[in-house]
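Q: Contents are mmCIF, C-alpha atoms; file name final_28.cif:
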data_work
loop_
_atom_site.label_atom_id
_atom_site.label_comp_id
_atom_site.auth_asym_id
_atom_site.auth_seq_id
_atom_site.Cartn_x
_atom_site.Cartn_y
_atom_site.Cartn_z
CA MET V 1 -38.58 27.67 -64.63
CA LYS V 2 -36.01 24.92 -64.40
CA LEU V 3 -33.26 27.48 -63.69
CA ARG V 4 -35.34 29.01 -60.91
CA THR V 5 -35.99 25.58 -59.40
CA LEU V 6 -32.27 24.76 -59.59
CA ALA V 7 -31.35 28.04 -57.91
CA LEU V 8 -33.81 27.44 -55.11
CA THR V 9 -32.43 23.94 -54.60
CA PHE V 10 -28.85 25.21 -54.29
CA GLY V 11 -30.00 27.92 -51.91
CA ALA V 12 -31.75 25.41 -49.68
CA VAL V 13 -28.64 23.24 -49.60
CA ALA V 14 -26.47 26.23 -48.65
CA VAL V 15 -28.85 27.20 -45.85
CA LEU V 16 -28.92 23.65 -44.51
CA ALA V 17 -25.13 23.47 -44.65
CA GLY V 18 -24.86 26.73 -42.77
CA CYS V 19 -27.31 25.56 -40.14
CA THR V 20 -25.50 22.27 -39.76
CA GLU V 21 -22.15 24.02 -39.35
CA GLY V 22 -23.62 26.45 -36.84
CA THR V 23 -25.24 23.63 -34.89
CA GLN V 24 -21.96 21.70 -34.84
CA THR V 25 -20.08 24.76 -33.55
CA PHE V 26 -22.73 25.44 -30.90
CA ASN V 27 -22.76 21.84 -29.67
CA SER V 28 -18.98 21.29 -29.89
CA GLU V 29 -16.73 20.98 -26.86
CA VAL V 30 -14.86 23.95 -25.40
CA GLY V 31 -11.70 24.69 -27.35
CA SER V 32 -12.73 22.88 -30.52
CA THR V 33 -13.03 26.13 -32.48
CA THR V 34 -9.39 26.94 -31.70
CA GLU V 35 -8.11 23.56 -32.74
CA GLY V 36 -6.59 24.88 -35.97
CA SER V 37 -3.92 22.63 -37.43
CA LEU V 38 -3.08 20.85 -34.17
CA GLY V 39 -4.88 17.74 -35.31
CA PHE V 40 -7.31 15.23 -33.86
CA GLY V 41 -7.57 15.30 -30.07
CA SER V 42 -6.31 18.83 -29.52
CA ALA V 43 -9.85 19.99 -28.75
CA ILE V 44 -9.86 17.58 -25.81
CA ALA V 45 -6.66 19.08 -24.46
CA GLN V 46 -8.07 22.58 -24.90
CA ASN V 47 -11.26 21.53 -23.16
CA GLN V 48 -9.40 20.05 -20.20
CA ALA V 49 -7.26 23.18 -19.83
CA MET V 50 -10.35 25.41 -19.94
CA MET V 51 -12.38 23.26 -17.54
CA SER V 52 -9.57 22.68 -15.01
CA GLY V 53 -8.55 26.32 -14.99
CA ASP V 54 -4.87 25.49 -15.58
CA LYS V 55 -4.46 27.64 -18.66
CA SER V 56 -6.27 30.78 -17.55
CA TYR V 57 -4.92 30.55 -13.99
CA VAL V 58 -1.27 30.50 -15.11
CA ILE V 59 -1.86 33.42 -17.47
CA ASN V 60 -3.64 35.44 -14.79
CA MET V 61 -0.97 34.72 -12.17
CA THR V 62 1.79 35.68 -14.62
CA ARG V 63 0.08 39.00 -15.28
CA LYS V 64 -0.51 39.64 -11.58
CA PHE V 65 3.12 38.87 -10.72
CA ALA V 66 4.39 41.30 -13.38
CA ALA V 67 1.92 43.96 -12.21
CA ASP V 68 2.71 43.61 -8.51
CA VAL V 69 6.52 43.41 -8.56
CA PRO V 70 9.41 44.03 -10.98
CA ASN V 71 9.75 40.77 -12.92
CA THR V 72 12.92 41.89 -14.75
CA VAL V 73 16.41 42.74 -13.48
CA HIS V 74 19.35 44.06 -15.49
CA PHE V 75 23.09 43.41 -15.49
CA ALA V 76 26.33 45.17 -16.29
CA PHE V 77 28.12 44.28 -19.51
CA ASN V 78 29.55 40.73 -19.51
CA SER V 79 28.48 40.24 -15.88
CA SER V 80 26.13 38.06 -13.85
CA VAL V 81 26.62 40.05 -10.63
CA LEU V 82 23.46 41.38 -8.99
CA ASP V 83 23.75 45.07 -8.16
CA ALA V 84 21.79 46.86 -5.43
CA GLN V 85 18.87 47.68 -7.74
CA ALA V 86 18.61 44.06 -8.90
CA ARG V 87 18.70 42.75 -5.32
CA ASN V 88 15.96 45.17 -4.34
CA ALA V 89 13.74 43.98 -7.22
CA LEU V 90 14.44 40.34 -6.37
CA SER V 91 13.59 40.94 -2.70
CA GLN V 92 10.17 42.10 -3.88
CA GLN V 93 9.88 39.01 -6.06
CA ALA V 94 10.80 36.77 -3.12
CA ASN V 95 8.17 38.39 -0.91
CA TRP V 96 5.50 37.83 -3.58
CA ILE V 97 6.59 34.23 -4.11
CA ARG V 98 6.42 33.52 -0.36
CA GLN V 99 2.84 34.81 -0.30
CA ASN V 100 1.83 32.50 -3.15
CA PRO V 101 2.96 29.03 -2.06
CA GLU V 102 0.96 27.28 -4.78
CA VAL V 103 2.94 28.75 -7.67
CA ARG V 104 6.15 27.68 -9.39
CA PHE V 105 8.48 29.89 -11.43
CA ARG V 106 11.02 29.92 -14.24
CA VAL V 107 13.86 32.40 -14.64
CA TYR V 108 14.95 33.26 -18.18
CA GLY V 109 18.41 34.72 -18.76
CA HIS V 110 19.12 37.07 -21.67
CA THR V 111 22.14 38.93 -23.08
CA ASP V 112 22.80 41.64 -25.61
CA LEU V 113 24.05 40.86 -29.11
CA VAL V 114 27.77 41.35 -28.45
CA GLY V 115 29.78 38.11 -28.67
CA SER V 116 29.06 34.60 -29.89
CA ASN V 117 25.73 32.87 -29.36
CA ALA V 118 27.39 30.01 -27.41
CA TYR V 119 29.10 32.42 -25.03
CA ASN V 120 25.92 34.44 -24.57
CA LYS V 121 23.81 31.37 -23.81
CA ALA V 122 26.25 30.44 -21.05
CA LEU V 123 26.22 34.01 -19.75
CA GLY V 124 22.42 34.13 -19.79
CA LEU V 125 22.34 30.90 -17.83
CA ARG V 126 24.75 32.30 -15.23
CA ARG V 127 22.50 35.31 -14.82
CA ALA V 128 19.43 33.12 -14.35
CA ARG V 129 21.29 31.03 -11.78
CA ALA V 130 22.35 34.16 -9.92
CA VAL V 131 18.69 35.16 -9.63
CA VAL V 132 17.62 31.70 -8.49
CA ASN V 133 20.41 31.57 -5.89
CA PHE V 134 19.35 34.94 -4.54
CA LEU V 135 15.70 33.88 -4.29
CA VAL V 136 16.77 30.70 -2.49
CA SER V 137 18.79 32.83 -0.05
CA GLN V 138 15.54 34.68 0.70
CA GLY V 139 13.88 31.47 1.84
CA ILE V 140 12.28 30.29 -1.41
CA SER V 141 12.42 26.52 -1.95
CA ARG V 142 14.57 25.63 -4.94
CA SER V 143 11.94 23.05 -5.91
CA ARG V 144 9.59 25.92 -6.79
CA LEU V 145 12.10 27.47 -9.18
CA GLU V 146 11.85 25.32 -12.28
CA ALA V 147 14.42 24.46 -14.91
CA LEU V 148 16.55 27.45 -15.78
CA VAL V 149 16.21 28.51 -19.39
CA SER V 150 18.67 30.80 -21.16
CA TYR V 151 17.63 32.59 -24.34
CA GLY V 152 21.13 33.98 -24.78
CA GLU V 153 21.04 36.65 -27.46
CA THR V 154 18.07 35.23 -29.37
CA HIS V 155 15.30 37.34 -27.75
CA PRO V 156 16.62 40.92 -27.60
CA LEU V 157 14.31 43.77 -26.67
CA VAL V 158 16.42 46.16 -28.74
CA TYR V 159 17.92 44.96 -32.02
CA THR V 160 21.37 46.51 -31.90
CA GLN V 161 24.86 45.06 -32.18
CA ALA V 162 26.09 47.54 -29.58
CA PRO V 163 26.02 46.79 -25.84
CA ASN V 164 22.50 47.41 -24.54
CA GLU V 165 21.36 47.27 -20.92
CA GLN V 166 17.74 46.47 -21.77
CA ASN V 167 18.87 43.23 -23.40
CA ARG V 168 21.10 42.22 -20.47
CA ARG V 169 18.34 40.94 -18.22
CA THR V 170 16.57 38.08 -16.50
CA VAL V 171 12.81 37.66 -16.48
CA THR V 172 10.98 35.71 -13.76
CA GLU V 173 7.66 34.18 -14.81
CA VAL V 174 4.97 31.94 -13.35
CA SER V 175 5.34 28.47 -14.88
CA GLY V 176 2.80 26.29 -13.09
CA PHE V 177 1.72 24.91 -9.76
CA VAL V 178 3.23 22.96 -6.90
CA THR V 179 0.60 20.29 -7.56
CA LYS V 180 0.68 19.93 -11.34
CA GLY V 181 -2.71 19.84 -13.00
CA LYS V 182 -4.57 20.57 -9.75
CA PRO V 183 -4.38 24.32 -9.11
CA MET V 184 -7.50 24.22 -6.97
CA LEU V 185 -6.13 21.55 -4.59
CA LEU V 186 -2.68 23.00 -3.88
CA ASP V 187 -1.62 20.18 -1.52
CA GLY V 188 -4.12 21.27 1.11
CA LYS V 189 -3.09 24.95 0.92
CA TYR V 190 -6.20 26.23 -0.82
CA ALA V 191 -7.77 27.51 2.41
CA ALA V 192 -4.61 29.47 3.23
CA VAL V 193 -4.65 31.04 -0.23
CA ILE V 194 -8.30 32.07 0.10
CA TYR V 195 -7.60 33.53 3.55
CA ARG V 196 -4.59 35.43 2.19
CA ASP V 197 -6.67 36.94 -0.62
CA TYR V 198 -9.44 37.81 1.85
CA ILE V 199 -7.02 39.68 4.13
CA ALA V 200 -5.51 41.50 1.15
CA SER V 201 -8.92 42.60 -0.13
CA ALA V 202 -9.98 43.76 3.35
CA ALA V 203 -6.80 45.81 3.72
CA ALA V 204 -7.36 47.41 0.32
CA SER V 205 -10.96 48.31 1.23
CA SER V 206 -10.00 49.84 4.58
CA GLY V 207 -7.32 51.89 2.88
CA ASP V 208 -9.87 53.36 0.48
CA SER V 209 -12.30 54.40 3.24
CA GLY V 210 -10.21 57.17 4.77
CA GLY V 211 -10.12 60.86 4.03
CA GLY V 212 -8.58 62.57 1.03
CA GLY V 213 -4.92 62.20 0.06
CA ASN V 214 -2.23 64.29 -1.53
#
What does the file become when written as C-alpha coordinates?
A:
Amino acid sequence: MKLRTLALTFGAVAVLAGCTEGTQTFNSEVGSTTEGSLGFGSAIAQNQAMMSGDKSYVINMTRKFAADVPNTVHFAFNSSVLDAQARNALSQQANWIRQNPEVRFRVYGHTDLVGSNAYNKALGLRRARAVVNFLVSQGISRSRLEALVSYGETHPLVYTQAPNEQNRRTVTEVSGFVTKGKPMLLDGKYAAVIYRDYIASAAASSGDSGGGGN
(Lines of atoms letter the chains of each structure in order from A and count residues from 1; the text may use other names and numbers.)
(Lines give C-alpha, C1' and ligand atoms only; values in the text may rest on other atoms or scores of the structure.)
Protein backbone atom coordinates (compact mmCIF):
# COMPACT_ATOMS: atom_id res chain seq x y z
CA MET A 1 0.00 0.00 0.00
CA LYS A 2 2.80 2.37 0.91
CA LEU A 3 4.58 1.61 -2.39
CA ARG A 4 1.40 2.33 -4.33
CA THR A 5 0.92 5.62 -2.46
CA LEU A 6 4.54 6.57 -3.15
CA ALA A 7 4.17 5.77 -6.85
CA LEU A 8 1.03 7.86 -7.10
CA THR A 9 2.79 10.76 -5.37
CA PHE A 10 5.71 10.67 -7.82
CA GLY A 11 3.29 10.46 -10.73
CA ALA A 12 1.37 13.50 -9.53
CA VAL A 13 4.61 15.46 -9.17
CA ALA A 14 5.68 14.51 -12.70
CA VAL A 15 2.32 15.57 -14.13
CA LEU A 16 2.47 18.89 -12.30
CA ALA A 17 6.02 19.47 -13.50
CA GLY A 18 4.98 18.73 -17.06
CA CYS A 19 2.01 21.08 -16.81
CA THR A 20 4.17 23.80 -15.32
CA GLU A 21 6.75 23.45 -18.08
CA GLY A 22 4.05 23.47 -20.74
CA THR A 23 2.42 26.53 -19.21
CA GLN A 24 5.76 28.33 -19.07
CA THR A 25 6.44 27.53 -22.73
CA PHE A 26 2.95 28.65 -23.76
CA ASN A 27 3.18 31.92 -21.85
CA SER A 28 6.81 32.68 -22.74
CA GLU A 29 7.85 35.44 -25.11
CA VAL A 30 8.48 34.84 -28.81
CA GLY A 31 11.92 33.38 -29.40
CA SER A 32 12.45 32.09 -25.87
CA THR A 33 12.26 28.46 -26.99
CA THR A 34 15.15 29.04 -29.40
CA GLU A 35 17.34 30.69 -26.82
CA GLY A 36 19.63 27.67 -26.49
CA SER A 37 23.02 28.48 -25.01
CA LEU A 38 22.97 32.18 -25.92
CA GLY A 39 22.32 33.13 -22.32
CA PHE A 40 20.06 35.49 -20.43
CA GLY A 41 18.46 38.20 -22.57
CA SER A 42 18.74 36.46 -25.92
CA ALA A 43 15.01 35.73 -25.88
CA ILE A 44 14.42 39.49 -25.82
CA ALA A 45 16.58 39.96 -28.89
CA GLN A 46 14.78 37.12 -30.65
CA ASN A 47 11.44 38.62 -29.70
CA GLN A 48 12.38 42.04 -31.02
CA ALA A 49 13.60 40.57 -34.30
CA MET A 50 10.39 38.56 -34.71
CA MET A 51 8.09 41.44 -33.77
CA SER A 52 9.87 44.10 -35.86
CA GLY A 53 10.11 41.87 -38.89
CA ASP A 54 13.84 42.52 -39.33
CA LYS A 55 14.90 38.90 -39.27
CA SER A 56 12.25 37.37 -41.52
CA TYR A 57 12.26 40.34 -43.91
CA VAL A 58 16.01 40.09 -44.59
CA ILE A 59 15.75 36.34 -45.13
CA ASN A 60 12.79 36.72 -47.47
CA MET A 61 14.44 39.51 -49.46
CA THR A 62 17.66 37.48 -49.78
CA ARG A 63 15.69 34.55 -51.17
CA LYS A 64 13.72 36.76 -53.54
CA PHE A 65 16.88 38.44 -54.84
CA ALA A 66 18.52 35.07 -55.55
CA ALA A 67 15.34 33.80 -57.22
CA ASP A 68 14.82 36.88 -59.40
CA VAL A 69 18.36 37.54 -60.66
CA PRO A 70 21.74 35.77 -60.80
CA ASN A 71 23.36 36.55 -57.44
CA THR A 72 26.70 34.93 -58.39
CA VAL A 73 29.28 35.82 -61.04
CA HIS A 74 32.44 33.91 -61.95
CA PHE A 75 35.98 34.89 -62.88
CA ALA A 76 38.90 33.62 -64.91
CA PHE A 77 41.85 32.10 -63.07
CA ASN A 78 43.83 34.66 -61.03
CA SER A 79 41.65 37.49 -62.37
CA SER A 80 39.20 40.08 -61.07
CA VAL A 81 38.12 41.21 -64.56
CA LEU A 82 34.40 41.07 -65.29
CA ASP A 83 33.67 39.28 -68.56
CA ALA A 84 30.56 39.82 -70.69
CA GLN A 85 28.55 37.15 -68.87
CA ALA A 86 29.42 38.64 -65.47
CA ARG A 87 28.48 42.15 -66.62
CA ASN A 88 25.16 40.88 -67.91
CA ALA A 89 24.38 39.22 -64.55
CA LEU A 90 25.41 42.35 -62.66
CA SER A 91 23.22 44.53 -64.90
CA GLN A 92 20.28 42.38 -63.78
CA GLN A 93 21.38 42.78 -60.17
CA ALA A 94 21.60 46.56 -60.58
CA ASN A 95 18.10 46.72 -62.05
CA TRP A 96 16.72 44.73 -59.10
CA ILE A 97 18.59 46.88 -56.59
CA ARG A 98 17.23 50.09 -58.17
CA GLN A 99 13.69 48.75 -57.79
CA ASN A 100 14.22 48.03 -54.10
CA PRO A 101 15.53 51.29 -52.63
CA GLU A 102 14.99 50.15 -49.05
CA VAL A 103 17.56 47.34 -49.19
CA ARG A 104 21.31 47.26 -48.63
CA PHE A 105 23.74 44.65 -49.92
CA ARG A 106 27.06 42.93 -49.28
CA VAL A 107 29.33 41.43 -51.91
CA TYR A 108 31.42 38.41 -50.91
CA GLY A 109 34.52 37.54 -52.93
CA HIS A 110 35.75 33.94 -53.23
CA THR A 111 38.66 32.13 -54.90
CA ASP A 112 39.65 28.57 -55.65
CA LEU A 113 42.18 26.70 -53.53
CA VAL A 114 45.26 27.41 -55.66
CA GLY A 115 47.79 29.68 -53.94
CA SER A 116 48.24 31.00 -50.41
CA ASN A 117 45.34 32.04 -48.22
CA ALA A 118 46.70 35.60 -47.89
CA TYR A 119 46.96 36.02 -51.65
CA ASN A 120 43.51 34.56 -52.19
CA LYS A 121 41.89 36.83 -49.61
CA ALA A 122 43.32 39.84 -51.44
CA LEU A 123 42.15 38.43 -54.77
CA GLY A 124 38.67 37.75 -53.41
CA LEU A 125 38.51 41.33 -52.17
CA ARG A 126 39.53 42.67 -55.59
CA ARG A 127 36.75 40.65 -57.16
CA ALA A 128 34.19 41.99 -54.69
CA ARG A 129 35.38 45.53 -55.35
CA ALA A 130 35.09 44.99 -59.09
CA VAL A 131 31.45 44.00 -58.62
CA VAL A 132 30.72 46.97 -56.36
CA ASN A 133 32.38 49.38 -58.81
CA PHE A 134 30.28 47.99 -61.64
CA LEU A 135 27.05 48.34 -59.64
CA VAL A 136 28.00 51.92 -58.78
CA SER A 137 28.58 52.61 -62.49
CA GLN A 138 24.99 51.45 -63.05
CA GLY A 139 23.67 54.17 -60.75
CA ILE A 140 23.59 52.32 -57.42
CA SER A 141 24.63 54.43 -54.42
CA ARG A 142 27.83 53.14 -52.86
CA SER A 143 26.25 53.74 -49.44
CA ARG A 144 23.87 50.85 -50.13
CA LEU A 145 26.72 48.44 -50.82
CA GLU A 146 28.00 47.54 -47.38
CA ALA A 147 31.45 46.55 -46.20
CA LEU A 148 33.14 44.26 -48.67
CA VAL A 149 33.91 40.85 -47.24
CA SER A 150 36.35 38.39 -48.80
CA TYR A 151 36.19 34.72 -47.87
CA GLY A 152 39.28 34.00 -49.94
CA GLU A 153 39.65 30.24 -50.30
CA THR A 154 37.88 29.34 -47.06
CA HIS A 155 34.37 28.72 -48.48
CA PRO A 156 34.83 26.67 -51.66
CA LEU A 157 31.85 25.12 -53.40
CA VAL A 158 34.06 22.33 -54.73
CA TYR A 159 36.83 20.94 -52.54
CA THR A 160 39.65 20.51 -55.02
CA GLN A 161 43.22 21.78 -55.12
CA ALA A 162 42.95 22.24 -58.88
CA PRO A 163 41.69 25.47 -60.46
CA ASN A 164 37.89 25.50 -60.34
CA GLU A 165 35.59 28.09 -61.90
CA GLN A 166 32.74 27.45 -59.47
CA ASN A 167 34.97 28.56 -56.60
CA ARG A 168 36.15 31.72 -58.40
CA ARG A 169 33.07 33.81 -57.73
CA THR A 170 31.39 36.70 -55.98
CA VAL A 171 28.02 36.44 -54.27
CA THR A 172 25.75 39.46 -53.75
CA GLU A 173 23.38 39.20 -50.78
CA VAL A 174 20.83 41.36 -48.99
CA SER A 175 22.37 42.58 -45.72
CA GLY A 176 19.82 44.96 -44.22
CA PHE A 177 17.91 48.17 -44.74
CA VAL A 178 18.65 51.79 -45.54
CA THR A 179 16.99 52.67 -42.23
CA LYS A 180 18.47 50.14 -39.82
CA GLY A 181 15.98 48.48 -37.53
CA LYS A 182 12.98 50.11 -39.24
CA PRO A 183 12.21 48.13 -42.39
CA MET A 184 8.61 49.31 -42.39
CA LEU A 185 9.53 53.02 -42.34
CA LEU A 186 12.16 53.11 -45.09
CA ASP A 187 12.83 56.86 -44.80
CA GLY A 188 9.40 57.71 -46.17
CA LYS A 189 9.71 55.28 -49.12
CA TYR A 190 7.24 52.70 -47.88
CA ALA A 191 4.41 54.00 -50.09
CA ALA A 192 6.64 53.77 -53.16
CA VAL A 193 7.53 50.18 -52.29
CA ILE A 194 3.88 49.21 -51.87
CA TYR A 195 3.02 50.88 -55.17
CA ARG A 196 5.89 49.07 -56.89
CA ASP A 197 4.69 45.70 -55.60
CA TYR A 198 1.12 46.53 -56.60
CA ILE A 199 2.17 47.33 -60.19
CA ALA A 200 4.27 44.16 -60.36
CA SER A 201 1.38 41.98 -59.15
CA ALA A 202 -1.04 43.62 -61.59
CA ALA A 203 1.35 43.01 -64.49
CA ALA A 204 1.73 39.37 -63.48
CA SER A 205 -2.05 38.92 -63.31
CA SER A 206 -2.66 40.50 -66.71
CA GLY A 207 0.01 38.30 -68.22
CA ASP A 208 -1.75 35.18 -66.95
CA SER A 209 -5.15 36.17 -68.38
CA GLY A 210 -4.32 35.77 -72.06
CA GLY A 211 -4.67 32.81 -74.35
CA GLY A 212 -2.52 29.69 -74.44
CA GLY A 213 1.24 29.77 -74.98
CA ASN A 214 3.87 27.61 -76.59
Q: Using all atoms listed in the file, pick whichever of V:Glu165, V:Val103, V:Arg63, V:Pro70 has the shortest atom-to-atom distance to Ser91 of chain V.
A: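 Closest candidate: V:Pro70.
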Q: Could you tell me which residues the PyMOL selection byres ((chain V and resi 132-148) around 6) grabs in this file, written as a PyMOL selection string?
A: chain V and resi 94+104-107+129-131+149
Q: Report, in Å to a single decimal, how far apart atom CA of Phe65 of chain V and atom CA of Val174 of chain V are.
A: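 That distance, rounded to one decimal, is 7.6 Å.
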Q: Which of these residues is nearest to Ala86 of chain V, using only C-alpha atoms: V:Thr160, V:Ala122, V:Ser116, V:Arg168?
A: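 Going through V:Thr160, V:Ala122, V:Ser116, V:Arg168 one by one, the smallest distance to Ala86 of chain V is for V:Arg168.
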Q: Quote the spacing between atom CA of Phe177 of chain V and atom CA of Leu82 of chain V in Å to one decimal place.
A: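 Distance between the two atoms: 27.3 Å.
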